[in-house]
file entry-v5.txt (compact mmCIF, C-alpha atoms (C1' of nucleotides))
# COMPACT_ATOMS: atom_id res chain seq x y z
CA MET A 9 13.44 2.06 36.97
CA ALA A 10 9.67 1.94 37.19
CA ARG A 11 8.00 -0.56 34.91
CA PRO A 12 10.36 -1.99 32.30
CA LYS A 13 9.46 -2.89 28.72
CA SER A 14 9.06 -6.56 28.02
CA GLU A 15 11.39 -8.25 25.54
CA ASP A 16 8.62 -10.80 24.97
CA LYS A 17 6.16 -8.16 23.83
CA ARG A 18 8.69 -6.60 21.49
CA ASN A 19 9.33 -9.98 19.91
CA ALA A 20 5.63 -10.73 19.70
CA ILE A 21 5.14 -7.51 17.74
CA LEU A 22 8.02 -8.30 15.40
CA ASP A 23 6.74 -11.84 14.86
CA ALA A 24 3.23 -10.66 14.15
CA ALA A 25 4.53 -8.04 11.73
CA THR A 26 6.65 -10.68 9.99
CA ARG A 27 3.66 -12.93 9.40
CA LEU A 28 1.37 -10.19 8.17
CA PHE A 29 3.98 -8.46 6.00
CA ALA A 30 4.83 -11.82 4.43
CA GLU A 31 1.22 -12.66 3.69
CA ARG A 32 -0.20 -9.31 2.65
CA GLY A 33 2.61 -6.81 2.20
CA LEU A 34 3.28 -3.68 4.20
CA ALA A 35 0.19 -1.82 3.07
CA GLY A 36 -2.06 -4.78 3.81
CA ALA A 37 -0.91 -5.07 7.41
CA PRO A 38 -2.51 -2.33 9.56
CA THR A 39 -1.08 -1.65 13.00
CA SER A 40 -4.42 -2.62 14.50
CA GLU A 41 -4.06 -6.14 13.20
CA ILE A 42 -0.38 -6.45 14.06
CA SER A 43 -1.27 -5.53 17.64
CA ARG A 44 -4.17 -7.95 17.75
CA LEU A 45 -2.00 -10.81 16.50
CA ALA A 46 0.71 -9.89 18.99
CA GLY A 47 -1.84 -9.97 21.81
CA ILE A 48 -1.46 -6.35 22.92
CA ALA A 49 -3.42 -3.12 22.66
CA GLU A 50 -2.83 -0.95 19.64
CA GLY A 51 -1.44 1.87 21.75
CA THR A 52 1.19 -0.42 23.23
CA LEU A 53 2.75 -0.97 19.83
CA PHE A 54 3.66 2.70 19.81
CA THR A 55 5.57 2.51 23.08
CA TYR A 56 7.88 -0.06 21.49
CA PHE A 57 8.14 1.63 18.09
CA LYS A 58 7.37 5.30 17.77
CA ASN A 59 5.64 4.78 14.42
CA LYS A 60 5.08 2.17 11.75
CA ASP A 61 8.14 3.19 9.76
CA GLU A 62 10.38 2.56 12.73
CA LEU A 63 8.82 -0.85 13.22
CA ILE A 64 9.54 -1.63 9.57
CA ASN A 65 13.15 -0.49 9.82
CA SER A 66 13.72 -2.42 13.05
CA LEU A 67 12.27 -5.57 11.61
CA TYR A 68 14.45 -5.25 8.54
CA ARG A 69 17.61 -4.93 10.60
CA GLU A 70 16.62 -7.81 12.84
CA ILE A 71 15.98 -10.21 9.99
CA LYS A 72 19.12 -9.20 8.13
CA LEU A 73 21.14 -9.82 11.27
CA GLU A 74 19.69 -13.31 11.68
CA LEU A 75 20.32 -14.09 8.05
CA GLY A 76 23.88 -12.80 8.32
CA ASP A 77 24.49 -15.08 11.30
CA ALA A 78 23.15 -18.09 9.45
CA VAL A 79 25.27 -17.38 6.39
CA ILE A 80 28.55 -16.57 8.06
CA SER A 81 28.79 -19.09 10.91
CA ASP A 82 31.40 -21.80 10.20
CA PHE A 83 32.56 -19.82 7.20
CA PRO A 84 35.44 -21.76 5.55
CA ARG A 85 37.85 -18.85 5.26
CA ARG A 86 40.76 -21.06 4.25
CA LYS A 87 39.08 -22.93 1.44
CA ASN A 88 39.03 -21.89 -2.20
CA VAL A 89 36.65 -19.43 -3.77
CA ARG A 90 34.23 -21.99 -5.06
CA ALA A 91 33.87 -23.65 -1.68
CA ARG A 92 33.31 -20.34 0.00
CA LEU A 93 30.71 -19.24 -2.48
CA GLN A 94 28.96 -22.56 -2.19
CA HIS A 95 28.93 -22.22 1.59
CA ILE A 96 27.21 -18.86 1.31
CA TRP A 97 24.80 -20.17 -1.29
CA ASN A 98 23.81 -23.20 0.77
CA ARG A 99 23.40 -21.31 4.01
CA TYR A 100 21.44 -18.56 2.35
CA VAL A 101 19.11 -20.87 0.54
CA ASN A 102 18.63 -23.21 3.50
CA TRP A 103 17.81 -20.27 5.73
CA GLY A 104 15.26 -19.05 3.21
CA ILE A 105 13.50 -22.40 3.18
CA ALA A 106 13.59 -22.89 6.94
CA ASN A 107 12.30 -19.34 7.51
CA HIS A 108 9.78 -18.91 4.80
CA GLU A 109 7.85 -16.08 6.41
CA GLN A 110 10.94 -14.10 7.24
CA ARG A 111 12.18 -14.48 3.71
CA LYS A 112 8.88 -13.29 2.24
CA ALA A 113 8.75 -10.42 4.70
CA LEU A 114 12.31 -9.48 3.84
CA THR A 115 11.57 -9.16 0.15
CA GLN A 116 8.60 -6.93 0.97
CA LEU A 117 10.74 -4.81 3.26
CA GLN A 118 13.58 -4.53 0.78
CA LEU A 119 11.47 -3.03 -1.95
CA SER A 120 9.62 -0.63 0.32
CA ASP A 121 10.65 2.98 0.22
CA VAL A 122 10.57 3.60 3.97
CA LEU A 123 13.89 1.91 4.68
CA THR A 124 16.44 4.54 5.68
CA ARG A 125 19.95 4.69 4.30
CA ASP A 126 21.14 3.80 7.79
CA SER A 127 19.06 0.66 7.91
CA ARG A 128 20.30 -0.48 4.53
CA GLU A 129 23.88 0.05 5.59
CA ALA A 130 23.31 -1.76 8.87
CA GLY A 131 21.68 -4.57 6.94
CA ASP A 132 24.69 -4.95 4.67
CA LYS A 133 27.18 -5.02 7.51
CA PRO A 134 26.91 -8.73 8.34
CA PHE A 135 27.73 -9.54 4.73
CA VAL A 136 31.20 -8.04 4.34
CA GLU A 137 32.67 -11.52 4.21
CA CYS A 138 30.48 -12.27 1.20
CA LYS A 139 31.62 -9.14 -0.56
CA ASN A 140 35.24 -10.06 0.11
CA THR A 141 34.76 -13.50 -1.30
CA ILE A 142 33.50 -12.06 -4.56
CA HIS A 143 36.43 -9.66 -4.65
CA ASP A 144 38.76 -12.58 -4.15
CA ALA A 145 37.05 -14.45 -6.94
CA ILE A 146 37.57 -11.57 -9.33
CA GLY A 147 41.15 -11.09 -8.16
CA VAL A 148 42.09 -14.72 -8.64
CA ARG A 149 40.90 -14.58 -12.26
CA VAL A 150 38.82 -17.70 -12.08
CA LEU A 151 35.87 -15.71 -13.39
CA ARG A 152 35.07 -14.40 -16.83
CA ASP A 153 37.01 -11.34 -17.94
CA ASP A 154 35.83 -7.98 -16.74
CA LEU A 155 32.90 -9.24 -14.77
CA PRO A 156 31.82 -6.31 -12.59
CA HIS A 157 31.39 -7.01 -8.90
CA GLU A 158 27.78 -5.81 -9.05
CA LEU A 159 26.86 -8.24 -11.78
CA VAL A 160 28.24 -11.17 -9.80
CA SER A 161 26.51 -10.29 -6.54
CA LYS A 162 23.20 -9.39 -8.11
CA SER A 163 23.17 -12.56 -10.21
CA PHE A 164 23.92 -14.53 -7.09
CA GLY A 165 20.97 -12.97 -5.29
CA ALA A 166 18.62 -13.34 -8.22
CA LEU A 167 19.46 -16.99 -8.87
CA ALA A 168 19.27 -17.84 -5.18
CA GLU A 169 15.83 -16.26 -5.08
CA VAL A 170 14.75 -18.40 -8.02
CA ALA A 171 16.13 -21.51 -6.37
CA MET A 172 14.28 -20.82 -3.12
CA GLU A 173 11.05 -20.16 -4.91
CA LEU A 174 11.23 -23.48 -6.71
CA MET A 175 12.39 -25.34 -3.62
CA ALA A 176 9.36 -24.05 -1.75
CA LEU A 177 7.19 -25.14 -4.66
CA HIS A 178 8.69 -28.63 -4.92
CA PRO A 179 9.91 -29.66 -1.46
CA LYS A 180 10.74 -33.22 -2.54
CA GLU A 181 13.37 -32.07 -5.00
CA ALA A 182 14.58 -29.21 -2.84
CA ASN A 183 18.17 -30.42 -2.54
CA GLN A 184 18.29 -31.02 -6.27
CA TYR A 185 17.19 -27.48 -6.98
CA ARG A 186 19.62 -26.04 -4.46
CA ASP A 187 22.62 -27.83 -5.97
CA THR A 188 21.68 -27.33 -9.59
CA GLY A 189 21.06 -23.69 -8.83
CA PHE A 190 24.57 -23.28 -7.54
CA GLU A 191 26.06 -25.09 -10.51
CA MET A 192 24.20 -22.74 -12.80
CA PHE A 193 25.53 -19.73 -10.94
CA TRP A 194 29.07 -21.09 -10.99
CA SER A 195 28.92 -21.82 -14.70
CA ALA A 196 27.53 -18.37 -15.31
CA ILE A 197 30.44 -16.54 -13.74
CA THR A 198 33.46 -18.74 -14.53
CA ARG A 199 35.44 -18.90 -17.72
CA HIS A 200 35.58 -22.20 -19.62
CA MET B 28 -24.42 6.15 -29.83
CA ALA B 29 -24.64 9.39 -27.90
CA ARG B 30 -21.34 10.71 -26.64
CA PRO B 31 -18.56 8.18 -27.19
CA LYS B 32 -15.67 7.55 -24.82
CA SER B 33 -12.39 9.00 -25.92
CA GLU B 34 -9.49 6.70 -26.64
CA ASP B 35 -7.21 9.61 -25.80
CA LYS B 36 -8.58 9.94 -22.29
CA ARG B 37 -8.29 6.24 -21.68
CA ASN B 38 -4.66 6.33 -22.74
CA ALA B 39 -4.00 9.43 -20.67
CA ILE B 40 -5.27 7.58 -17.62
CA LEU B 41 -3.14 4.53 -18.34
CA ASP B 42 -0.08 6.70 -18.95
CA ALA B 43 -0.59 8.63 -15.75
CA ALA B 44 -1.07 5.40 -13.80
CA THR B 45 2.08 3.97 -15.34
CA ARG B 46 4.15 6.95 -14.23
CA LEU B 47 2.79 7.04 -10.71
CA PHE B 48 2.85 3.28 -10.16
CA ALA B 49 6.45 3.20 -11.35
CA GLU B 50 7.52 6.03 -9.06
CA ARG B 51 5.56 5.30 -5.92
CA GLY B 52 3.96 1.88 -6.16
CA LEU B 53 0.26 1.05 -6.32
CA ALA B 54 -0.51 2.19 -2.78
CA GLY B 55 1.29 5.49 -3.28
CA ALA B 56 -0.74 6.42 -6.34
CA PRO B 57 -4.25 7.62 -5.35
CA THR B 58 -6.91 7.85 -8.01
CA SER B 59 -7.17 11.58 -7.32
CA GLU B 60 -3.60 12.09 -8.47
CA ILE B 61 -3.87 9.73 -11.42
CA SER B 62 -6.85 11.76 -12.62
CA ARG B 63 -5.08 15.07 -12.08
CA LEU B 64 -2.04 13.90 -14.02
CA ALA B 65 -4.28 12.59 -16.79
CA GLY B 66 -6.05 15.96 -17.00
CA ILE B 67 -9.54 14.73 -16.15
CA ALA B 68 -11.92 14.85 -13.21
CA GLU B 69 -11.69 12.09 -10.67
CA GLY B 70 -15.18 10.88 -11.43
CA THR B 71 -14.33 10.43 -15.09
CA LEU B 72 -11.71 7.84 -14.25
CA PHE B 73 -14.53 5.61 -13.02
CA THR B 74 -16.41 5.73 -16.30
CA TYR B 75 -13.36 4.21 -18.00
CA PHE B 76 -12.53 1.72 -15.24
CA LYS B 77 -15.20 0.70 -12.77
CA ASN B 78 -12.69 0.67 -9.90
CA LYS B 79 -8.99 0.90 -9.19
CA ASP B 80 -8.48 -2.86 -9.36
CA GLU B 81 -9.86 -2.96 -12.89
CA LEU B 82 -7.51 -0.13 -13.87
CA ILE B 83 -4.62 -2.11 -12.48
CA ASN B 84 -5.60 -5.27 -14.32
CA SER B 85 -6.15 -3.43 -17.59
CA LEU B 86 -2.80 -1.70 -17.35
CA TYR B 87 -1.08 -5.01 -16.68
CA ARG B 88 -2.60 -6.61 -19.76
CA GLU B 89 -1.81 -3.60 -21.91
CA ILE B 90 1.86 -3.50 -20.92
CA LYS B 91 2.29 -7.24 -21.28
CA LEU B 92 0.79 -7.07 -24.75
CA GLU B 93 3.21 -4.34 -25.80
CA LEU B 94 6.13 -6.25 -24.37
CA GLY B 95 5.00 -9.39 -26.13
CA ASP B 96 4.87 -7.53 -29.44
CA ALA B 97 8.36 -6.14 -28.93
CA VAL B 98 9.77 -9.55 -28.05
CA ILE B 99 8.11 -11.61 -30.75
CA SER B 100 8.25 -9.41 -33.85
CA ASP B 101 10.82 -10.68 -36.38
CA PHE B 102 11.21 -13.84 -34.35
CA PRO B 103 13.78 -16.07 -36.11
CA ARG B 104 11.72 -19.28 -36.03
CA ARG B 105 14.12 -21.14 -38.32
CA LYS B 106 17.31 -20.41 -36.47
CA ASN B 107 18.83 -22.55 -33.72
CA VAL B 108 17.89 -22.45 -30.07
CA ARG B 109 20.66 -20.14 -29.01
CA ALA B 110 19.82 -17.57 -31.65
CA ARG B 111 16.16 -17.67 -30.71
CA LEU B 112 16.87 -17.29 -27.02
CA GLN B 113 19.23 -14.44 -27.71
CA HIS B 114 16.60 -12.73 -29.83
CA ILE B 115 14.15 -12.90 -26.94
CA TRP B 116 16.78 -11.73 -24.47
CA ASN B 117 17.82 -8.75 -26.57
CA ARG B 118 14.30 -7.66 -27.36
CA TYR B 119 13.19 -8.05 -23.77
CA VAL B 120 16.10 -6.15 -22.34
CA ASN B 121 16.04 -3.42 -24.98
CA TRP B 122 12.34 -2.88 -24.37
CA GLY B 123 12.97 -2.61 -20.66
CA ILE B 124 15.56 0.10 -21.16
CA ALA B 125 13.58 2.02 -23.75
CA ASN B 126 10.46 1.86 -21.57
CA HIS B 127 11.79 2.36 -18.11
CA GLU B 128 8.55 3.49 -16.51
CA GLN B 129 6.54 0.68 -18.00
CA ARG B 130 9.07 -1.83 -16.79
CA LYS B 131 9.04 -0.43 -13.25
CA ALA B 132 5.25 -0.30 -13.28
CA LEU B 133 5.12 -3.87 -14.54
CA THR B 134 7.20 -5.18 -11.65
CA GLN B 135 4.91 -3.36 -9.21
CA LEU B 136 1.85 -4.80 -10.92
CA GLN B 137 3.23 -8.32 -11.06
CA LEU B 138 3.77 -8.58 -7.33
CA SER B 139 0.46 -6.99 -6.40
CA ASP B 140 -2.27 -9.31 -5.22
CA VAL B 141 -5.11 -7.70 -7.15
CA LEU B 142 -4.22 -9.28 -10.49
CA THR B 143 -6.84 -11.85 -11.40
CA ARG B 144 -6.04 -15.32 -12.65
CA ASP B 145 -7.54 -14.23 -15.98
CA SER B 146 -5.21 -11.29 -16.27
CA ARG B 147 -2.18 -13.40 -15.54
CA GLU B 148 -3.20 -15.92 -18.17
CA ALA B 149 -3.90 -13.19 -20.69
CA GLY B 150 -0.52 -11.68 -19.88
CA ASP B 151 1.24 -14.97 -20.58
CA LYS B 152 -0.47 -15.52 -23.90
CA PRO B 153 1.84 -13.40 -26.05
CA PHE B 154 4.78 -15.45 -24.78
CA VAL B 155 3.89 -18.93 -26.02
CA GLU B 156 6.68 -18.73 -28.57
CA CYS B 157 9.15 -18.17 -25.73
CA LYS B 158 7.84 -21.18 -23.87
CA ASN B 159 8.16 -23.29 -26.99
CA THR B 160 11.73 -22.20 -27.52
CA ILE B 161 12.66 -23.39 -24.06
CA HIS B 162 10.88 -26.66 -24.68
CA ASP B 163 12.85 -27.05 -27.88
CA ALA B 164 16.05 -26.32 -26.01
CA ILE B 165 15.33 -29.05 -23.51
CA GLY B 166 14.26 -31.46 -26.22
CA VAL B 167 17.38 -30.95 -28.30
CA ARG B 168 19.54 -31.81 -25.27
CA VAL B 169 21.84 -28.85 -25.59
CA LEU B 170 21.09 -28.00 -21.98
CA ARG B 171 22.23 -29.59 -18.74
CA ASP B 172 20.58 -32.86 -17.82
CA ASP B 173 17.23 -32.72 -16.16
CA LEU B 174 16.92 -28.98 -16.14
CA PRO B 175 13.27 -28.25 -15.36
CA HIS B 176 11.46 -25.87 -17.64
CA GLU B 177 10.60 -23.64 -14.70
CA LEU B 178 14.20 -23.23 -13.66
CA VAL B 179 15.22 -22.17 -17.14
CA SER B 180 12.46 -19.62 -17.60
CA LYS B 181 12.73 -18.16 -14.13
CA SER B 182 16.50 -17.86 -14.38
CA PHE B 183 16.06 -16.14 -17.70
CA GLY B 184 13.70 -13.62 -16.17
CA ALA B 185 15.80 -13.07 -13.08
CA LEU B 186 19.05 -12.54 -14.98
CA ALA B 187 17.35 -10.28 -17.52
CA GLU B 188 16.04 -8.20 -14.65
CA VAL B 189 19.54 -7.91 -13.21
CA ALA B 190 20.93 -6.92 -16.60
CA MET B 191 18.31 -4.20 -17.06
CA GLU B 192 18.90 -2.82 -13.62
CA LEU B 193 22.61 -2.48 -14.24
CA MET B 194 22.11 -1.14 -17.76
CA ALA B 195 19.91 1.58 -16.35
CA LEU B 196 22.56 2.32 -13.73
CA HIS B 197 25.46 2.44 -16.22
CA PRO B 198 24.06 3.57 -19.57
CA LYS B 199 27.52 3.86 -21.17
CA GLU B 200 28.22 0.17 -20.78
CA ALA B 201 24.65 -0.90 -21.47
CA ASN B 202 25.45 -3.05 -24.49
CA GLN B 203 28.28 -4.71 -22.63
CA TYR B 204 25.95 -5.63 -19.78
CA ARG B 205 23.29 -6.88 -22.14
CA ASP B 206 25.65 -9.20 -23.99
CA THR B 207 27.54 -10.42 -20.95
CA GLY B 208 24.23 -11.07 -19.26
CA PHE B 209 23.13 -13.33 -22.06
CA GLU B 210 26.44 -15.18 -22.08
CA MET B 211 26.04 -15.81 -18.38
CA PHE B 212 22.55 -17.15 -18.90
CA TRP B 213 23.65 -19.35 -21.75
CA SER B 214 26.58 -20.75 -19.76
CA ALA B 215 24.27 -21.36 -16.83
CA ILE B 216 21.89 -23.59 -18.74
CA THR B 217 24.12 -25.42 -21.23
CA ARG B 218 26.29 -28.44 -20.61
CA HIS B 219 30.04 -28.18 -21.13
C1' DT C 18 -32.91 21.35 -35.04
C1' DG C 19 -34.68 18.56 -31.22
C1' DT C 20 -34.09 14.86 -28.23
C1' DA C 21 -32.37 10.81 -26.02
C1' DT C 22 -28.26 9.06 -24.40
C1' DA C 23 -24.18 8.85 -22.23
C1' DG C 24 -19.71 11.23 -21.00
C1' DT C 25 -17.85 14.85 -17.65
C1' DC C 26 -17.42 17.24 -13.49
C1' DG C 27 -16.10 17.91 -8.55
C1' DA C 28 -18.05 18.36 -4.07
C1' DG C 29 -19.60 15.03 -0.98
C1' DT C 30 -19.60 10.40 1.61
C1' DA C 31 -18.20 6.44 4.04
C1' DC C 32 -14.48 4.09 5.57
C1' DG C 33 -9.92 2.51 7.07
C1' DC C 34 -5.83 3.95 8.55
C1' DA C 35 -1.83 5.63 11.77
C1' DC C 36 -1.47 7.65 15.76
C1' DT C 37 -3.05 10.05 20.50
C1' DC C 38 -4.37 10.53 25.18
C1' DA C 39 -6.58 10.35 29.63
C1' DG C 40 -7.30 6.84 32.82
C1' DT C 41 -5.31 2.71 35.03
C1' DA C 42 -2.11 -0.84 36.52
C1' DA C 43 2.60 -2.56 37.30
C1' DT C 44 7.08 -2.09 38.84
C1' DG C 45 11.54 -0.39 41.17
C1' DA C 46 13.59 2.69 44.64
C1' DG C 47 13.70 4.40 49.24
C1' DC D 11 4.43 0.29 52.47
C1' DT D 12 4.65 4.64 49.68
C1' DC D 13 5.55 7.10 45.95
C1' DA D 14 7.34 8.27 41.44
C1' DT D 15 7.68 6.56 37.12
C1' DT D 16 6.53 4.21 33.25
C1' DA D 17 4.01 0.56 30.67
C1' DC D 18 -0.64 -0.61 29.16
C1' DT D 19 -5.31 0.17 27.44
C1' DG D 20 -8.80 1.16 23.80
C1' DA D 21 -12.02 4.63 22.55
C1' DG D 22 -11.29 8.65 20.03
C1' DT D 23 -9.30 11.90 16.31
C1' DG D 24 -7.91 13.62 11.99
C1' DC D 25 -6.64 12.60 7.60
C1' DG D 26 -6.37 10.44 3.12
C1' DT D 27 -8.60 7.31 0.27
C1' DA D 28 -11.83 4.96 -3.22
C1' DC D 29 -15.90 5.74 -4.94
C1' DT D 30 -20.81 8.21 -5.69
C1' DC D 31 -24.18 11.28 -7.43
C1' DG D 32 -26.85 15.11 -9.10
C1' DA D 33 -26.07 18.88 -12.26
C1' DC D 34 -24.29 19.80 -16.58
C1' DT D 35 -22.68 19.10 -21.43
C1' DA D 36 -21.36 17.02 -25.77
C1' DT D 37 -22.64 13.89 -29.31
C1' DA D 38 -25.41 10.70 -32.54
C1' DC D 39 -29.32 10.14 -34.80
C1' DA D 40 -34.04 11.28 -36.60

call {"tool": "encode", "arguments": {"input": "entry-v5.txt", "output": "structure tokens"}}
result
Amino acid sequence: MARPKSEDKRNAILDAATRLFAERGLAGAPTSEISRLAGIAEGTLFTYFKNKDELINSLYREIKLELGDAVISDFPRRKNVRARLQHIWNRYVNWGIANHEQRKALTQLQLSDVLTRDSREAGDKPFVECKNTIHDAIGVRVLRDDLPHELVSKSFGALAEVAMELMALHPKEANQYRDTGFEMFWSAITRH
Amino acid sequence: MARPKSEDKRNAILDAATRLFAERGLAGAPTSEISRLAGIAEGTLFTYFKNKDELINSLYREIKLELGDAVISDFPRRKNVRARLQHIWNRYVNWGIANHEQRKALTQLQLSDVLTRDSREAGDKPFVECKNTIHDAIGVRVLRDDLPHELVSKSFGALAEVAMELMALHPKEANQYRDTGFEMFWSAITRH
DNA sequence: TGTATAGTCGAGTACGCACTCAGTAATGAG
DNA sequence: CTCATTACTGAGTGCGTACTCGACTATACA
């Protein structure tokens, strides 16, 4: 009833925040400038998000959801562990390159201390399939002995981040970096 | 001549900044609180560092220098590539665990945008030996084909960071994580 | 011991920020 | 068309910040 909020404006705010957070970090992106870039008055921002922290948390969840979609669609559930891991790797890394600003913004958001426990949990939800794949990998004993789950997943994330950084730096050899990166990860975790 | 500056005060400021930067990030550490924690008046801080940016840059260089010392002392120049890389890995990771606050502060500093080009270059200087070791590794063809220098060094850093994080989280198994971490890195970069 | 010099202090200043609010304009319901 | 409701606006507010400055004090040197 009465005047409804506009989905367009909400998205414009989130887009503007993404760009500014990516370029200058959370502290370097005042609400005044986010509003200006979104083409609205500063007060309007606070009808869509009750404060800056809520905007940050919403943006985090939104981006994580998009990333989760990109990673999990067409997931080859029936294939072997290596193929599944490579699927996740490729989708993750390709998404990061195709959505450079969102990726940069995401890293800023992730290391901020305003993300609530709820948001972090919600952000992890789309990635259960990834977790399971790693569990399978450990269960099937294709990996090194006694490799803790945490070490596998964090190494995956860290090496993917490295790969994306270098792909962004050298676009011509992007595919090369993506594939070599995965081979490095695979060699790191498997027994030989 | 006249009244000299006190090395103690300077160090107190740097120590206080290290603690606060590590705990709350650069933005969350106002000069007023740094001064209070250092036991001096706020104005005094600005006789030792002409502004906050200079404090940040000085702290970065100081920490990098200490880290460089820790990594490079007793460097086994005559041993093979693997032994040299493992020396760097162990020293790096051990330093990170023994100096938790400095490590946390360093990561905050590194991703801030107030570090000058000069500071970054100065910070890299103590690590030439590390660079050379990687060059040697590539030259001696013990590594995968066509592995770019950047990919090796960035993977090293990323995996070391992961190892330190998990060592801090599980102190009992710290040595296990440190050694497994290096094995993973070594497997990642070598041919088999 | 006297004096010039420079370190120390902390209240004060200017500024940028997140957020508010009174006035206004759209919109949906009847 | 009317009215109730809510979105929209942007100048304004209060607060926290980096940094200054005049009064004071410790030190080196003659």

call {"tool": "atom_distance", "arguments": {"input": "entry-v5.txt", "atom1": "CA of Pro175 in chain B", "atom2": "CA of Val89 in chain A"}}
result
27.5 Å

call {"tool": "closest_residue", "arguments": {"input": "entry-v5.txt", "among": "B:Val98, B:Ala164, B:Cys157, B:Ile124", "to": "His197 in chain B", "atoms": "all atoms listed in the file"}}
result
B:Ile124

call {"tool": "interface_residues", "arguments": {"input": "entry-v5.txt", "of": "chain D", "to": "chain A", "cutoff": "12 Å", "atoms": "only C-alpha atoms (C1' of nucleotides)", "output": "list in words"}}
result
DC13, DA14, DT15, DT16, DA17, DC18, DT19, DG20 and DA21 of chain D

call {"tool": "atom_distance", "arguments": {"input": "entry-v5.txt", "atom1": "CA of Met192 in chain A", "atom2": "CA of Met175 in chain A"}}
result
15.2 Å

call {"tool": "residues_around", "arguments": {"input": "entry-v5.txt", "residues": "Asn107 in chain A", "least_positions_apart": "2", "cutoff": "12 Å", "atoms": "all atoms listed in the file", "output": "PyMOL selection string"}}
result
chain A and resi 23+26-27+30+71+74-75+78+99-105+109-114+172+176

call {"tool": "atom_distance", "arguments": {"input": "entry-v5.txt", "atom1": "CA of Asn88 in chain A", "atom2": "CA of Ile142 in chain A"}}
result
11.5 Å

call {"tool": "closest_residue", "arguments": {"input": "entry-v5.txt", "among": "B:Ser85, B:Ser62, B:Thr160, B:Asn38", "to": "DC26 in chain C", "atoms": "all atoms listed in the file"}}
result
B:Ser62

call {"tool": "interface_residues", "arguments": {"input": "entry-v5.txt", "of": "chain C", "to": "chain A", "cutoff": "10 Å", "atoms": "only C-alpha atoms (C1' of nucleotides)", "output": "ChimeraX atom specification"}}
result
/C:33-38,43-46

call {"tool": "closest_residue", "arguments": {"input": "entry-v5.txt", "among": "C:DG40, C:DT25, C:DC32, C:DG47", "to": "DT35 in chain D", "atoms": "all atoms listed in the file"}}
result
C:DT25

call {"tool": "decode", "arguments": {"input": "entry-v5.txt", "residues": "range 34-54 of chain B", "atoms": "C-alpha atoms", "output": "mmCIF file, in the first residue's frame"}}
result
data_model
loop_
_atom_site.group_PDB
_atom_site.id
_atom_site.type_symbol
_atom_site.label_atom_id
_atom_site.label_comp_id
_atom_site.auth_asym_id
_atom_site.auth_seq_id
_atom_site.Cartn_x
_atom_site.Cartn_y
_atom_site.Cartn_z
ATOM 1 C CA GLU B 34 64.020 5.978 21.423
ATOM 2 C CA ASP B 35 61.813 4.472 24.121
ATOM 3 C CA LYS B 36 58.908 6.747 23.301
ATOM 4 C CA ARG B 37 59.222 6.055 19.615
ATOM 5 C CA ASN B 38 59.112 2.334 20.282
ATOM 6 C CA ALA B 39 56.201 2.719 22.677
ATOM 7 C CA ILE B 40 54.252 4.449 19.923
ATOM 8 C CA LEU B 41 55.085 1.759 17.381
ATOM 9 C CA ASP B 42 54.185 -0.985 19.854
ATOM 10 C CA ALA B 43 50.881 0.634 20.718
ATOM 11 C CA ALA B 44 50.076 1.108 17.037
ATOM 12 C CA THR B 45 50.936 -2.523 16.348
ATOM 13 C CA ARG B 46 48.533 -3.749 19.019
ATOM 14 C CA LEU B 47 45.669 -1.513 17.974
ATOM 15 C CA PHE B 48 46.129 -2.007 14.234
ATOM 16 C CA ALA B 49 46.188 -5.768 14.773
ATOM 17 C CA GLU B 50 43.029 -5.753 16.873
ATOM 18 C CA ARG B 51 40.910 -3.178 15.108
ATOM 19 C CA GLY B 52 42.486 -2.236 11.804
ATOM 20 C CA LEU B 53 43.935 1.118 10.789
ATOM 21 C CA ALA B 54 40.611 2.953 10.781
#
